[in-house]
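Q: My questions all concern the structure below.
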Amino acid sequence: MTAADDRVMRRALELAAEAGAGGDVPVGAVVMDARGVIIGEGRNLRERTHDPIAHAEIIALRSAAEAHGGWNLEDHTLIVTLEPCLMCAGAILQARIGRVVFGAWDDKAGAAGSMYDVLRDRRLPYRAEVIGGVRADEATAQLRAFFESRR
């Protein structure tokens with residue numbers, strides 16, 4: 001993990017808090033280029049938009065591809081507060097993201113090392129470097145508070 005990863009994870013946690021305040025599961029995602037510049041951001045919007053694929057990662061990847069002027073984000077890093085699910089892992093690989101840094105592990109649906117390890121699967125033509133557990137306590141606390149408030 002780099003200092004830039006930590007700085008950008010703080011921004012992802014802010015986006016997650018915004019998602020939670022808006023009634024969505026608190027997950028935030030940020031794409032940064034090789035220089036450490038943020039070029040895309042996203043937060044969960046499924047509840048707000050009634051869109052089943054409006055996960056933070058998908059929103060951030062779309063935003064980054066538009067800013068980058070192309071879909072291939074090979075030299076970029078996706079930083080997200082929760083381990084990506086299967087759908088998001090597939091999108092990450094399709095975008096050719098080179099690195100994925102995430103906060104909380106997702107033992108129920110994680111596809112970056114928990115349930116599955118899609119991002120590093122040797123059977124696939126492209127793989128990403130994965131760094132998990134960055135600011136995991138903060139990300140987990142946001143998620144726990146969100147779900148406890150709904151019980």
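A note on labels: chains of the structure tokens are A, B, ... as shown, every chain counts residues from 1, and ligands are counted from 1 in their shown order.
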Using only C-alpha atoms, determine which residues lie at most 12 Å from A:Ala91, disregarding the query and same-chain residues fewer than 3 positions distant; provide the list as a PDB file with C-alpha atoms, in the first residue's frame.
A:
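Result went into selection-v2.pdb, see below:
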```pdb
ATOM      1  CA  ILE A  53     -25.846  -2.740 -11.204  1.00  0.00           C
ATOM      2  CA  HIS A  55     -22.538  -0.500  -7.390  1.00  0.00           C
ATOM      3  CA  ALA A  56     -19.863   2.000  -6.383  1.00  0.00           C
ATOM      4  CA  GLU A  57     -17.219   0.238  -8.499  1.00  0.00           C
ATOM      5  CA  ILE A  58     -19.341   0.333 -11.659  1.00  0.00           C
ATOM      6  CA  ILE A  59     -20.090   4.044 -11.208  1.00  0.00           C
ATOM      7  CA  ALA A  60     -16.388   4.801 -10.569  1.00  0.00           C
ATOM      8  CA  LEU A  61     -15.212   2.755 -13.578  1.00  0.00           C
ATOM      9  CA  ARG A  62     -17.659   4.503 -15.894  1.00  0.00           C
ATOM     10  CA  ALA A  65     -13.271   5.670 -18.484  1.00  0.00           C
ATOM     11  CA  TRP A  71     -12.172   1.910 -21.445  1.00  0.00           C
ATOM     12  CA  ASN A  72      -8.666   0.484 -20.924  1.00  0.00           C
ATOM     13  CA  LEU A  73      -7.554   1.529 -17.436  1.00  0.00           C
ATOM     14  CA  LEU A  78      -9.429   1.099  -8.097  1.00  0.00           C
ATOM     15  CA  PRO A  84     -15.739  -6.327  -4.893  1.00  0.00           C
ATOM     16  CA  CYS A  85     -18.532  -8.779  -5.696  1.00  0.00           C
ATOM     17  CA  LEU A  86     -18.531 -11.111  -8.708  1.00  0.00           C
ATOM     18  CA  MET A  87     -20.196  -8.564 -10.996  1.00  0.00           C
ATOM     19  CA  CYS A  88     -17.774  -5.820 -10.046  1.00  0.00           C
ATOM     20  CA  GLN A  94     -12.963  -5.869 -18.410  1.00  0.00           C
ATOM     21  CA  ALA A  95     -11.594  -2.382 -17.694  1.00  0.00           C
ATOM     22  CA  ARG A  96      -8.078  -3.869 -17.300  1.00  0.00           C
ATOM     23  CA  ILE A  97      -7.604  -2.188 -13.910  1.00  0.00           C
ATOM     24  CA  ALA A 111     -14.671 -12.018  -5.300  1.00  0.00           C
ATOM     25  CA  VAL A 118     -11.709 -13.806  -9.589  1.00  0.00           C
ATOM     26  CA  LEU A 119      -9.313 -10.861  -9.824  1.00  0.00           C
ATOM     27  CA  TYR A 126      -6.105 -10.686 -17.371  1.00  0.00           C
ATOM     28  CA  ARG A 127      -5.457 -10.351 -13.641  1.00  0.00           C
ATOM     29  CA  ALA A 128      -5.157  -7.498 -11.165  1.00  0.00           C
TER      30      ALA A 128
END
```
Q: Need to verify the contact set: stretch 14-19 of chain A, 6 Å, only C-alpha atoms, exclusion of same-chain residues closer than 4 positions in sequence. Can you return it as an MDAnalysis selection string?
A: chainID A and resid 24 26:28 43:44
Q: Of the candidates A:Ala54, A:Val25, A:Ala67, A:Val80, which one gets nearest to A:Ala12 if we count only C-alpha atoms?
A: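 Closest residue, counting only C-alpha atoms: A:Val80.
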Q: Could you check which of A:Arg7, A:Arg99, A:Arg35, A:Arg122 is closest to A:Thr77, using only C-alpha atoms?
A: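 The answer is A:Arg99, which sits nearest to A:Thr77.
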Q: When distances are computed from only C-alpha atoms, which of A:Val134, A:Met9, A:Ala112, A:Leu45 shows the smallest separation from A:Val30?
A: A:Met9
Q: Got a sec: who's within 12 Å of A:Ala141, counting only C-alpha atoms, leaving out chain neighbours fewer than 3 positions off, as a list in words?
A: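 With the cut-off at 12 Å, the set is Leu13, Ala16, Ala17, Gly20, Pro26, Val27, Thr81, Leu82, Gly103, Ala104, Arg135, Ala136, Asp137, Glu138, Arg144, Ala145, Phe146, Phe147 and Glu148 of chain A.
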Q: Closest to A:Met1 among A:Ala139, A:Ala34, A:Val100, A:Ala89, using only C-alpha atoms?
A: A:Val100
Q: So which bits of stretch 5-146 of chain A end up strand (DSSP E or B) when you DSSP the backbone, as a PyMOL selection string?
A: chain A and resi 28-32+38-43+77-82+99-104+112+117+129-131
Q: Take the residues from that selection and put them in a file with C-alpha atoms, as an mmCIF file, in the first residue's frame.
A:
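Everything below was put into out_35.cif:
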```cif
data_model
loop_
_atom_site.group_PDB
_atom_site.id
_atom_site.type_symbol
_atom_site.label_atom_id
_atom_site.label_comp_id
_atom_site.auth_asym_id
_atom_site.auth_seq_id
_atom_site.Cartn_x
_atom_site.Cartn_y
_atom_site.Cartn_z
ATOM 1 C CA GLY A 28 -17.476 4.139 -2.039
ATOM 2 C CA ALA A 29 -15.001 3.658 -4.880
ATOM 3 C CA VAL A 30 -12.341 5.815 -6.501
ATOM 4 C CA VAL A 31 -10.150 5.294 -9.563
ATOM 5 C CA MET A 32 -6.740 6.915 -9.561
ATOM 6 C CA ILE A 38 -8.340 10.782 -8.945
ATOM 7 C CA ILE A 39 -10.102 10.437 -12.307
ATOM 8 C CA GLY A 40 -13.303 8.673 -11.284
ATOM 9 C CA GLU A 41 -15.537 8.326 -8.243
ATOM 10 C CA GLY A 42 -18.613 6.353 -7.353
ATOM 11 C CA ARG A 43 -20.826 5.340 -4.484
ATOM 12 C CA THR A 77 -5.906 1.654 -9.373
ATOM 13 C CA LEU A 78 -9.429 1.099 -8.097
ATOM 14 C CA ILE A 79 -9.799 1.802 -4.393
ATOM 15 C CA VAL A 80 -13.040 0.625 -2.812
ATOM 16 C CA THR A 81 -14.265 0.349 0.763
ATOM 17 C CA LEU A 82 -15.661 -3.192 0.398
ATOM 18 C CA ARG A 99 -4.490 -2.738 -9.036
ATOM 19 C CA VAL A 100 -7.405 -3.085 -6.649
ATOM 20 C CA VAL A 101 -7.155 -1.841 -3.082
ATOM 21 C CA PHE A 102 -10.096 -2.510 -0.786
ATOM 22 C CA GLY A 103 -11.074 -2.016 2.827
ATOM 23 C CA ALA A 104 -13.503 -4.499 4.382
ATOM 24 C CA ALA A 112 -11.164 -10.774 -4.482
ATOM 25 C CA ASP A 117 -10.597 -14.903 -6.137
ATOM 26 C CA GLU A 129 -2.917 -6.979 -8.177
ATOM 27 C CA VAL A 130 -5.082 -7.075 -5.041
ATOM 28 C CA ILE A 131 -4.420 -5.426 -1.678
#
```
Q: As a ChimeraX atom specification, please: every residue in chain A that DSSP puts in alpha helix (DSSP H).
A: /A:3-21,46-49,56-68,86-94,136-148
Q: I'd like the interatomic distance between atom CA of A:Ala64 and atom CA of A:Pro125, to a tenth of an Å.
A: 22.2 Å
Q: Provide the atom CA of A:Val8 to atom CA of A:Val37 distance in Å, to one decimal place.
A: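 Straight-line distance from atom CA of A:Val8 to atom CA of A:Val37 works out to 9.1 Å.
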Q: Suppose you want the space between atom CA of A:Arg150 and atom CA of A:Arg46; what is it in Å?
A: 16.4 Å
